[in-house]
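**Student:** Got a file for you: my_file_8.txt, compact mmCIF, C-alpha atoms.
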# COMPACT_ATOMS: atom_id res chain seq x y z
CA MET R 397 24.55 -67.03 -64.60
CA ILE R 398 21.68 -65.47 -66.55
CA LEU R 399 18.14 -65.11 -65.22
CA HIS R 400 15.25 -64.92 -67.68
CA ALA R 401 12.20 -63.28 -66.11
CA ASP R 402 8.88 -63.34 -67.96
CA GLY R 403 5.47 -61.94 -67.03
CA ASN R 404 2.75 -64.61 -67.11
CA SER R 405 0.02 -63.75 -69.67
CA PHE R 406 1.41 -60.23 -69.48
CA TYR R 407 -1.31 -58.14 -71.14
CA ALA R 408 -4.10 -60.04 -69.39
CA SER R 409 -2.29 -59.85 -66.05
CA CYS R 410 -1.86 -56.07 -66.47
CA GLU R 411 -5.63 -55.77 -66.82
CA GLN R 412 -6.13 -57.83 -63.65
CA ILE R 413 -3.79 -55.74 -61.47
CA PHE R 414 -6.39 -53.03 -60.84
CA ARG R 415 -9.31 -55.43 -61.16
CA PRO R 416 -8.88 -57.92 -58.31
CA ASP R 417 -12.40 -59.16 -59.04
CA LEU R 418 -10.96 -60.74 -62.21
CA ARG R 419 -8.24 -62.76 -60.47
CA GLY R 420 -8.57 -66.40 -61.45
CA LYS R 421 -11.14 -65.58 -64.14
CA PRO R 422 -10.78 -65.70 -67.95
CA VAL R 423 -9.36 -62.53 -69.54
CA ALA R 424 -8.58 -61.79 -73.20
CA VAL R 425 -6.98 -58.76 -74.89
CA LEU R 426 -7.73 -57.62 -78.44
CA SER R 427 -5.54 -56.15 -81.17
CA ASN R 428 -5.86 -52.70 -82.73
CA ASN R 429 -9.43 -51.86 -83.71
CA ASP R 430 -10.57 -54.79 -81.55
CA GLY R 431 -9.80 -57.18 -84.39
CA ILE R 432 -8.33 -60.42 -83.05
CA ILE R 433 -7.36 -62.05 -79.75
CA ILE R 434 -3.69 -61.27 -79.15
CA ALA R 435 -3.35 -62.26 -75.49
CA LEU R 436 -5.25 -64.38 -73.01
CA ASN R 437 -4.67 -66.12 -69.70
CA LYS R 438 -4.88 -69.84 -68.99
CA GLU R 439 -8.47 -69.55 -67.79
CA ALA R 440 -9.48 -68.03 -71.15
CA LYS R 441 -7.61 -70.76 -73.02
CA ALA R 442 -9.58 -73.34 -71.04
CA CYS R 443 -12.75 -71.79 -72.48
CA GLY R 444 -11.68 -72.83 -75.97
CA ILE R 445 -10.39 -69.43 -77.12
CA LYS R 446 -7.07 -69.24 -78.96
CA ARG R 447 -4.64 -66.47 -79.75
CA GLY R 448 -5.31 -65.23 -83.28
CA ASP R 449 -9.07 -65.87 -83.18
CA PRO R 450 -11.03 -63.03 -84.84
CA TYR R 451 -13.08 -61.46 -82.06
CA PHE R 452 -16.31 -61.32 -84.06
CA LYS R 453 -16.17 -65.11 -84.36
CA VAL R 454 -15.67 -65.79 -80.65
CA SER R 455 -17.57 -62.87 -79.10
CA GLY R 456 -20.58 -65.11 -78.42
CA LEU R 457 -18.40 -67.75 -76.78
CA CYS R 458 -16.71 -65.06 -74.65
CA GLU R 459 -20.09 -63.86 -73.44
CA ILE R 460 -21.34 -67.37 -72.66
CA ARG R 461 -18.17 -68.39 -70.81
CA GLY R 462 -17.83 -65.08 -68.95
CA VAL R 463 -14.55 -64.01 -70.55
CA SER R 464 -13.64 -60.39 -69.74
CA VAL R 465 -12.46 -58.75 -72.96
CA PHE R 466 -10.24 -55.65 -73.15
CA SER R 467 -8.96 -53.44 -75.94
CA SER R 468 -5.17 -53.05 -76.03
CA ASN R 469 -4.08 -50.46 -73.45
CA TYR R 470 -0.47 -49.91 -74.49
CA ALA R 471 0.09 -46.99 -72.10
CA LEU R 472 -0.76 -49.24 -69.14
CA TYR R 473 1.32 -52.18 -70.38
CA ALA R 474 4.40 -50.04 -71.06
CA ASP R 475 4.24 -48.42 -67.62
CA ILE R 476 3.87 -51.75 -65.82
CA SER R 477 6.83 -53.07 -67.81
CA ARG R 478 8.91 -50.04 -66.79
CA ARG R 479 8.09 -50.53 -63.12
CA ILE R 480 9.05 -54.21 -63.24
CA THR R 481 12.34 -53.41 -64.98
CA GLN R 482 13.22 -50.98 -62.19
CA ILE R 483 12.97 -53.87 -59.73
CA TYR R 484 15.14 -56.09 -61.97
CA MET R 485 17.81 -53.38 -62.06
CA GLU R 486 18.08 -53.48 -58.27
CA TYR R 487 19.13 -57.13 -58.47
CA ALA R 488 21.27 -57.52 -61.58
CA PRO R 489 24.36 -55.56 -62.65
CA ASP R 490 23.09 -55.66 -66.23
CA VAL R 491 19.53 -56.01 -67.60
CA GLU R 492 18.43 -56.57 -71.19
CA GLU R 493 14.79 -55.67 -71.86
CA TYR R 494 14.17 -58.30 -74.52
CA SER R 495 10.49 -57.40 -74.96
CA ILE R 496 7.73 -55.63 -73.06
CA ASP R 497 7.12 -58.70 -70.88
CA GLU R 498 10.49 -60.44 -70.61
CA SER R 499 14.04 -59.53 -69.61
CA PHE R 500 17.44 -61.15 -69.23
CA LEU R 501 19.29 -60.40 -65.98
CA PHE R 502 23.05 -60.90 -66.27
CA PHE R 503 25.06 -61.86 -63.18
CA ASP R 504 28.58 -62.03 -64.60
CA ARG R 505 31.29 -63.09 -62.16
CA CYS R 506 28.72 -63.92 -59.45
CA ASP R 507 29.73 -67.29 -58.03
CA PHE R 508 26.60 -68.24 -56.09
CA SER R 509 25.39 -71.69 -55.10
CA PHE R 510 22.26 -73.41 -56.42
CA GLU R 511 20.45 -72.46 -53.23
CA ASP R 512 21.50 -68.82 -53.66
CA TRP R 513 20.17 -68.64 -57.24
CA ASN R 514 16.97 -70.32 -56.20
CA LYS R 515 16.55 -67.82 -53.36
CA ILE R 516 17.17 -64.86 -55.69
CA GLY R 517 14.64 -66.17 -58.19
CA ARG R 518 11.94 -66.70 -55.57
CA GLU R 519 12.61 -63.34 -53.92
CA LEU R 520 12.38 -61.62 -57.32
CA LYS R 521 9.14 -63.40 -58.13
CA ALA R 522 7.60 -62.53 -54.75
CA ARG R 523 8.67 -58.91 -54.85
CA VAL R 524 7.34 -58.23 -58.36
CA TYR R 525 4.00 -59.73 -57.39
CA LYS R 526 3.84 -57.84 -54.09
CA GLU R 527 4.85 -54.42 -55.42
CA ILE R 528 3.42 -54.54 -58.96
CA GLY R 529 0.83 -57.32 -58.88
CA MET R 530 2.38 -59.14 -61.84
CA PRO R 531 2.97 -62.92 -61.64
CA ILE R 532 6.30 -63.86 -63.22
CA CYS R 533 8.39 -66.96 -63.86
CA VAL R 534 12.17 -67.06 -63.52
CA GLY R 535 14.60 -69.42 -65.23
CA ALA R 536 18.30 -69.40 -64.32
CA ALA R 537 21.03 -70.94 -66.51
CA PRO R 538 24.51 -70.17 -67.85
CA THR R 539 23.31 -69.13 -71.35
CA LYS R 540 20.38 -67.16 -72.76
CA THR R 541 19.02 -70.15 -74.69
CA LEU R 542 19.05 -72.39 -71.62
CA ALA R 543 17.61 -69.58 -69.46
CA LYS R 544 14.66 -69.26 -71.87
CA LEU R 545 14.09 -73.01 -71.69
CA TYR R 546 14.31 -73.07 -67.90
CA ASN R 547 11.80 -70.23 -67.74
CA LYS R 548 9.31 -72.27 -69.79
CA LYS R 549 9.80 -75.25 -67.51
CA ALA R 550 9.51 -73.01 -64.43
CA LYS R 551 5.77 -72.72 -65.08
CA GLU R 552 5.52 -76.40 -64.14
CA ARG R 553 7.76 -76.02 -61.07
CA GLY R 554 6.28 -73.25 -58.96
CA GLY R 555 7.57 -70.37 -61.05
CA VAL R 556 11.34 -70.70 -60.49
CA PHE R 557 13.70 -73.23 -62.10
CA VAL R 558 17.49 -73.16 -61.66
CA TYR R 559 20.09 -74.94 -63.80
CA ARG R 560 22.02 -77.93 -62.47
CA SER R 561 24.69 -79.42 -64.72
CA GLU R 562 23.92 -83.00 -63.63
CA GLU R 563 20.23 -82.63 -64.54
CA VAL R 564 20.34 -80.71 -67.81
CA ASP R 565 20.72 -83.69 -70.17
CA ALA R 566 17.63 -85.41 -68.79
CA LEU R 567 15.67 -82.19 -69.24
CA LEU R 568 16.87 -81.77 -72.84
CA ALA R 569 16.07 -85.40 -73.67
CA ALA R 570 12.46 -84.74 -72.65
CA THR R 571 12.26 -81.53 -74.71
CA ASP R 572 11.43 -81.42 -78.41
CA CYS R 573 13.60 -79.25 -80.65
CA GLN R 574 10.80 -76.83 -81.45
CA THR R 575 10.69 -75.74 -77.80
CA ILE R 576 14.24 -74.42 -78.03
CA TRP R 577 14.61 -70.68 -78.62
CA GLY R 578 15.44 -70.04 -82.28
CA ILE R 579 14.22 -73.43 -83.56
CA GLY R 580 10.91 -72.92 -85.33
CA PRO R 581 8.53 -75.55 -86.75
CA ALA R 582 10.19 -75.64 -90.20
CA ARG R 583 13.68 -76.02 -88.76
CA ALA R 584 12.47 -78.70 -86.32
CA ILE R 585 11.07 -80.72 -89.24
CA ALA R 586 14.36 -80.38 -91.12
CA LEU R 587 16.30 -81.55 -88.05
CA ALA R 588 13.97 -84.53 -87.61
CA ARG R 589 14.85 -85.69 -91.14
CA HIS R 590 18.46 -85.94 -89.96
CA GLY R 591 17.54 -87.84 -86.80
CA ILE R 592 17.64 -84.84 -84.47
CA LYS R 593 14.32 -85.25 -82.64
CA ASP R 594 14.97 -83.84 -79.18
CA ALA R 595 17.01 -81.06 -77.60
CA LEU R 596 19.65 -83.47 -76.25
CA ALA R 597 20.38 -84.75 -79.74
CA LEU R 598 20.59 -81.13 -80.86
CA LYS R 599 23.08 -80.40 -78.08
CA ARG R 600 25.28 -83.31 -79.21
CA MET R 601 25.11 -82.34 -82.87
CA PRO R 602 28.54 -81.74 -84.47
CA LEU R 603 29.13 -78.02 -84.86
CA ASN R 604 30.00 -78.26 -88.55
CA GLU R 605 26.68 -80.04 -89.17
CA ALA R 606 24.80 -77.45 -87.12
CA ARG R 607 26.29 -74.66 -89.18
CA ARG R 608 25.58 -76.44 -92.45
CA LEU R 609 21.94 -77.21 -91.62
CA MET R 610 21.03 -74.11 -89.59
CA THR R 611 23.60 -71.41 -90.50
CA ILE R 612 25.50 -69.48 -87.85
CA GLN R 613 22.36 -69.08 -85.71
CA GLY R 614 22.00 -72.85 -85.36
CA TRP R 615 25.70 -73.17 -84.56
CA ALA R 616 25.24 -70.64 -81.73
CA THR R 617 22.17 -72.52 -80.44
CA VAL R 618 24.13 -75.79 -80.16
CA GLN R 619 26.93 -74.00 -78.33
CA GLU R 620 24.44 -72.43 -75.92
CA LEU R 621 22.86 -75.81 -75.15
CA ASN R 622 26.35 -76.95 -74.19
CA GLY R 623 26.62 -74.09 -71.70
CA ILE R 624 28.84 -71.87 -73.88
CA PRO R 625 27.44 -68.30 -74.20
CA CYS R 626 27.20 -67.32 -77.87
CA VAL R 627 24.09 -65.14 -78.07
CA ASP R 628 25.22 -61.65 -77.18
CA LYS R 629 23.28 -59.13 -75.17
CA VAL R 630 21.13 -57.03 -77.49
CA VAL R 631 22.15 -53.39 -77.34
CA ARG R 632 19.33 -51.22 -78.59
CA THR R 633 20.67 -48.75 -81.12
CA LYS R 634 19.06 -45.57 -82.30
CA LYS R 635 16.62 -46.08 -85.14
CA ASP R 636 17.50 -44.92 -88.64
CA VAL R 637 13.86 -44.11 -89.37
CA ILE R 638 10.86 -43.62 -87.07
CA THR R 639 7.36 -44.56 -88.19
CA SER R 640 3.93 -43.99 -86.66
CA SER R 641 0.84 -45.56 -88.19
CA ARG R 642 -2.57 -47.04 -87.35
CA GLN R 643 -5.63 -48.16 -89.22
CA PHE R 644 -8.79 -46.12 -88.64
CA SER R 645 -11.91 -47.59 -87.12
CA LYS R 646 -13.91 -46.45 -90.16
CA LYS R 647 -13.23 -44.98 -93.58
CA VAL R 648 -12.21 -41.33 -93.70
CA TYR R 649 -13.22 -39.35 -96.78
CA ASP R 650 -12.47 -35.68 -96.08
CA LEU R 651 -9.07 -34.03 -95.93
CA LYS R 652 -9.64 -32.22 -92.62
CA THR R 653 -10.31 -35.43 -90.70
CA LEU R 654 -7.35 -37.11 -92.38
CA GLU R 655 -5.18 -34.18 -91.30
CA CYS R 656 -6.28 -34.62 -87.68
CA ALA R 657 -5.07 -38.21 -87.73
CA LEU R 658 -1.85 -37.20 -89.47
CA VAL R 659 -1.08 -34.57 -86.83
CA GLN R 660 -1.50 -36.99 -83.93
CA TYR R 661 0.64 -39.68 -85.56
CA ALA R 662 3.31 -37.12 -86.49
CA GLU R 663 3.40 -35.85 -82.89
CA LEU R 664 3.96 -39.41 -81.65
CA ALA R 665 6.79 -39.97 -84.16
CA VAL R 666 8.53 -36.71 -83.20
CA GLU R 667 8.22 -37.57 -79.50
CA ARG R 668 10.06 -40.83 -80.19
CA LEU R 669 12.61 -38.85 -82.20
CA ARG R 670 13.44 -36.66 -79.22
CA GLN R 671 13.50 -39.64 -76.86
CA GLN R 672 16.47 -41.08 -78.73
CA GLY R 673 18.18 -37.68 -78.92
CA SER R 674 17.88 -37.27 -82.69
CA GLU R 675 16.72 -34.78 -85.27
CA CYS R 676 15.34 -35.46 -88.73
CA GLY R 677 15.87 -33.90 -92.14
CA GLY R 678 12.74 -35.17 -93.86
CA VAL R 679 9.24 -36.58 -93.39
CA CYS R 680 7.30 -39.07 -95.55
CA VAL R 681 3.52 -39.45 -95.59
CA PHE R 682 1.66 -42.48 -96.92
CA ILE R 683 -2.12 -42.92 -97.24
CA SER R 684 -4.13 -45.94 -98.34
CA THR R 685 -7.70 -47.11 -98.73
CA CYS R 686 -6.57 -50.64 -97.73
CA ASN R 687 -9.16 -52.21 -100.05
CA TYR R 688 -6.98 -55.23 -100.71
CA TYR R 689 -9.88 -57.53 -101.54
CA SER R 690 -11.91 -55.11 -103.62
CA THR R 691 -12.13 -55.87 -107.35
CA ASN R 692 -13.31 -52.35 -108.10
CA PRO R 693 -10.26 -50.19 -108.97
CA ASP R 694 -12.30 -47.06 -108.25
CA GLU R 695 -12.28 -48.02 -104.55
CA GLN R 696 -8.51 -48.52 -104.34
CA TYR R 697 -5.93 -45.81 -103.94
CA SER R 698 -2.63 -45.46 -102.14
CA ASN R 699 0.14 -42.94 -102.48
CA GLY R 700 3.04 -41.41 -100.64
CA ALA R 701 5.06 -38.21 -100.68
CA ALA R 702 8.29 -37.04 -99.09
CA ALA R 703 9.03 -33.54 -97.83
CA GLY R 704 12.49 -32.25 -97.00
CA LEU R 705 13.00 -29.90 -94.06
CA PRO R 706 15.06 -26.70 -94.41
CA ARG R 707 17.33 -27.88 -91.59
CA MET R 708 17.64 -30.74 -89.10
CA THR R 709 15.02 -30.43 -86.36
CA SER R 710 12.95 -32.17 -83.70
CA TYR R 711 10.53 -29.26 -83.36
CA THR R 712 7.03 -30.71 -83.63
CA PRO R 713 5.23 -27.77 -85.34
CA ASP R 714 7.80 -27.56 -88.15
CA ILE R 715 7.68 -31.29 -88.87
CA VAL R 716 3.87 -31.40 -88.68
CA ALA R 717 3.63 -28.47 -91.10
CA ALA R 718 5.82 -30.32 -93.62
CA ALA R 719 3.76 -33.51 -93.21
CA ARG R 720 0.50 -31.63 -93.84
CA LYS R 721 1.90 -30.18 -97.08
CA ALA R 722 2.87 -33.66 -98.22
CA LEU R 723 -0.60 -34.98 -97.38
CA ARG R 724 -2.34 -32.29 -99.42
CA HIS R 725 -0.17 -33.22 -102.39
CA ILE R 726 -1.31 -36.87 -102.45
CA TYR R 727 -4.88 -36.62 -101.14
CA ARG R 728 -7.56 -37.50 -103.72
CA TYR R 729 -11.22 -36.64 -103.21
CA GLY R 730 -13.82 -39.44 -103.19
CA TYR R 731 -11.78 -42.25 -101.62
CA GLY R 732 -12.40 -43.80 -98.21
CA TYR R 733 -9.03 -43.90 -96.47
CA LYS R 734 -8.27 -46.47 -93.77
CA ASN R 735 -4.63 -45.74 -93.01
CA VAL R 736 -2.15 -42.89 -92.74
CA MET R 737 1.53 -43.41 -91.97
CA VAL R 738 4.18 -40.87 -91.00
CA THR R 739 7.89 -41.68 -91.31
CA LEU R 740 10.75 -39.46 -90.17
CA THR R 741 13.90 -39.86 -92.26
CA ASP R 742 17.53 -38.66 -92.44
CA LEU R 743 18.00 -39.01 -88.68
CA LEU R 744 21.12 -37.64 -87.00
CA PRO R 745 22.09 -36.96 -83.36
CA ALA R 746 20.68 -33.66 -82.12
CA ALA R 747 23.26 -30.87 -82.34
CA PHE R 748 23.44 -27.08 -82.30
CA GLN R 749 23.25 -25.68 -85.83
CA GLY R 750 24.57 -22.16 -86.06
CA GLU R 751 23.45 -20.38 -89.22
CA LEU R 752 24.17 -16.84 -90.36
CA TRP R 753 20.58 -15.70 -90.94
CA ILE R 754 18.90 -17.47 -88.00
CA ASP R 755 18.88 -16.09 -84.47
CA PRO R 756 20.33 -18.78 -82.17
CA MET R 757 17.82 -17.76 -79.51
CA GLU R 758 15.04 -19.13 -81.73
CA ASP R 759 16.61 -22.59 -81.62
CA ILE R 760 17.06 -22.37 -77.85
CA LYS R 761 13.41 -21.36 -77.38
CA LYS R 762 12.21 -24.26 -79.55
CA ARG R 763 14.33 -26.79 -77.66
CA GLU R 764 13.11 -25.51 -74.29
CA LEU R 765 9.51 -25.62 -75.48
CA MET R 766 9.90 -29.25 -76.60
CA LYS R 767 11.53 -30.15 -73.26
CA CYS R 768 8.53 -28.65 -71.49
CA LEU R 769 6.17 -30.58 -73.78
CA ASP R 770 7.91 -33.89 -73.14
CA LYS R 771 8.08 -33.30 -69.40
CA THR R 772 4.35 -32.50 -69.28
CA SER R 773 3.52 -35.59 -71.34
CA ALA R 774 5.59 -37.77 -69.02
CA GLU R 775 3.88 -36.36 -65.93
CA PHE R 776 0.29 -35.97 -67.09
CA GLY R 777 0.06 -38.46 -69.95
CA ARG R 778 0.49 -38.34 -73.71
CA GLY R 779 -1.76 -35.77 -75.37
CA SER R 780 -2.02 -33.50 -72.30
CA LEU R 781 -0.32 -30.81 -74.42
CA THR R 782 -0.77 -31.07 -78.16
CA LEU R 783 -1.36 -29.13 -81.36
CA ALA R 784 -4.96 -27.94 -81.67
CA LYS R 785 -5.15 -29.22 -85.26
CA GLY R 786 -5.08 -32.80 -84.01
CA PHE R 787 -8.40 -32.37 -82.18
CA GLU R 788 -10.51 -30.43 -84.69
CA LEU R 789 -12.41 -33.52 -85.78
CA ASP R 790 -12.79 -37.03 -84.42
CA GLY R 791 -14.48 -40.29 -85.35
CA TRP R 792 -11.42 -41.68 -87.13
CA GLN R 793 -9.67 -42.96 -83.99
CA MET R 794 -8.84 -46.60 -83.54
CA LYS R 795 -11.77 -48.68 -82.32
CA ARG R 796 -11.25 -49.52 -78.64
CA ALA R 797 -14.67 -50.36 -77.30
CA PHE R 798 -13.31 -52.31 -74.31
CA LEU R 799 -10.48 -49.99 -73.26
CA SER R 800 -9.62 -50.05 -69.56
CA PRO R 801 -8.52 -46.88 -67.71
CA CYS R 802 -4.89 -45.78 -67.85
CA TRP R 803 -4.57 -46.54 -64.15
CA THR R 804 -0.96 -45.40 -63.76
CA THR R 805 -0.41 -42.73 -66.42
CA ARG R 806 -3.48 -40.46 -66.37
CA TYR R 807 -4.53 -38.52 -63.28
CA ASP R 808 -8.24 -38.75 -64.05
CA ASP R 809 -7.95 -42.56 -64.19
CA PHE R 810 -6.08 -43.04 -60.90
CA PRO R 811 -7.92 -45.46 -58.58
CA LYS R 812 -9.88 -43.57 -55.95
CA VAL R 813 -10.06 -44.59 -52.29
CA HIS R 814 -13.31 -43.61 -50.57
Step by step, read the file and then write its structure as structure tokens.

**Tutor:**
Amino acid sequence: MILHADGNSFYASCEQIFRPDLRGKPVAVLSNNDGIIIALNKEAKACGIKRGDPYFKVSGLCEIRGVSVFSSNYALYADISRRITQIYMEYAPDVEEYSIDESFLFFDRCDFSFEDWNKIGRELKARVYKEIGMPICVGAAPTKTLAKLYNKKAKERGGVFVYRSEEVDALLAATDCQTIWGIGPARAIALARHGIKDALALKRMPLNEARRLMTIQGWATVQELNGIPCVDKVVRTKKDVITSSRQFSKKVYDLKTLECALVQYAELAVERLRQQGSECGGVCVFISTCNYYSTNPDEQYSNGAAAGLPRMTSYTPDIVAAARKALRHIYRYGYGYKNVMVTLTDLLPAAFQGELWIDPMEDIKKRELMKCLDKTSAEFGRGSLTLAKGFELDGWQMKRAFLSPCWTTRYDDFPKVH
């Protein structure tokens, strides 16, 4: 059996955990630079707000209807997700973190009864809410596709819904194809042209037809609806390249300010590099004015440059120094830049590199320093130790006018009990 656990309105619920005064009230979360609505709870949806709405268009409605609006607080969301996953791992022999707010819990060779699965689901739901404050729904079924469907239906059944073989066909007959994981609007329309209008008809579709109309993915979906596992557990592999990028809140014209942004993004990329146990052999820098709709060519400029490193490394100062050289090569005076992107390339597993003219103690010192940096960042929050160059100038940072405190990852933001 596979359990699919999903946080309800995850981003909005994260914001409500430390704000009990917002429980049961409308909450919306904005994208980078407070651009559009990317998450909202059911109370906010009832106010007429939709995901994807530009905030400047609905800000008046939010104020009138009393919608609490927050900038994206990714540090908070990631930490809440980590805490929930730790609870999942106490229950299941194997856990796949499918996204920040949903996971698959695999119970291979666990021959429990319907009542047992129902009890596990309800206990899991209650414990996550009690210990973390996050409401979740749990769907239990023999395949990932069915587990996703049962999770969706769980929202209508008290938060937990467990598969029963004698009831599945009736459920599928009442479900349109588009609701099924992996069947999007375009594919649902194509299926309807062939008389496949509900999930039960999709389940009974001949496999050769499924493969012809929907490729191997559709073939696997039909098998999964028949209770045959075909969608494998996703094993997260190490990335071949690592990129860090954001748009600025306002245009940046001078090189020094652009360098400050570059340094912070490069530090983030190198931190991710070390997290996956890799080193890089090169760094690429890309800058852009992002004036896509401007008809004046004098306002548009974008360029990139690559810099090779003398040897494989994950030492932040060396990589940042190479990135700064690349930036100076492509920077052009007079343009208002809105974006800088740093990409680490030529990634390989970290390994000792003995070289004739380099003292091995230097490598050891650098590795120990980076371990200390990462440990400090994990304990006191990202940016607690950083290169001074990244903080010479400000004003370019991403617009986050409604940012909530980092309740769980920054000491200064910890809730205080008086």

**Student:** Between atom CA of R:Ala522 and atom CA of R:Asp402, measure the distance and give it in Å to one decimal.

**Tutor:**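 Computing it gives 13.3 Å between the two atoms.
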
**Student:** Calculated over only C-alpha atoms, which of the candidates R:Leu426, R:Gln671, R:Val627, R:Lys526 has the smallest distance to R:Ile612?

**Tutor:**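 The closest residue to R:Ile612 is R:Val627.
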
**Student:** In Å, rounded to a single decimal, give me how far atom CA of R:Gln619 is from atom CA of R:Ala597.

**Tutor:**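 Rounded to one decimal, the two atoms are 12.7 Å apart.
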
**Student:** Find the residue from R:Gly448, R:Gly591, R:Gly677, R:Gly529 that sits nearest to R:Gln412; use only C-alpha atoms when measuring.

**Tutor:**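 So, comparing all the options, the nearest one is R:Gly529.
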
**Student:** Give me the residues near R:Ala537 as an MDAnalysis selection string, where near means some atom within 12 Å (using only C-alpha atoms) and where sequence neighbours in that chain fewer than 4 positions away do not count.

**Tutor:** chainID R and resid 397:401 500:504 510 513:514 517 541:547 550 556:561 563:564 620:625

**Student:** Kindly give the distance, in Å, that separates atom CA of R:Asp742 and atom CA of R:Gly700, rounded to a single decimal.

**Tutor:** 16.9 Å

**Student:** Which residue, R:Leu609, R:Val465, R:Leu740, R:Val425, has the smallest gap to R:Ser641 when you use all atoms listed in the file?

**Tutor:** R:Leu740
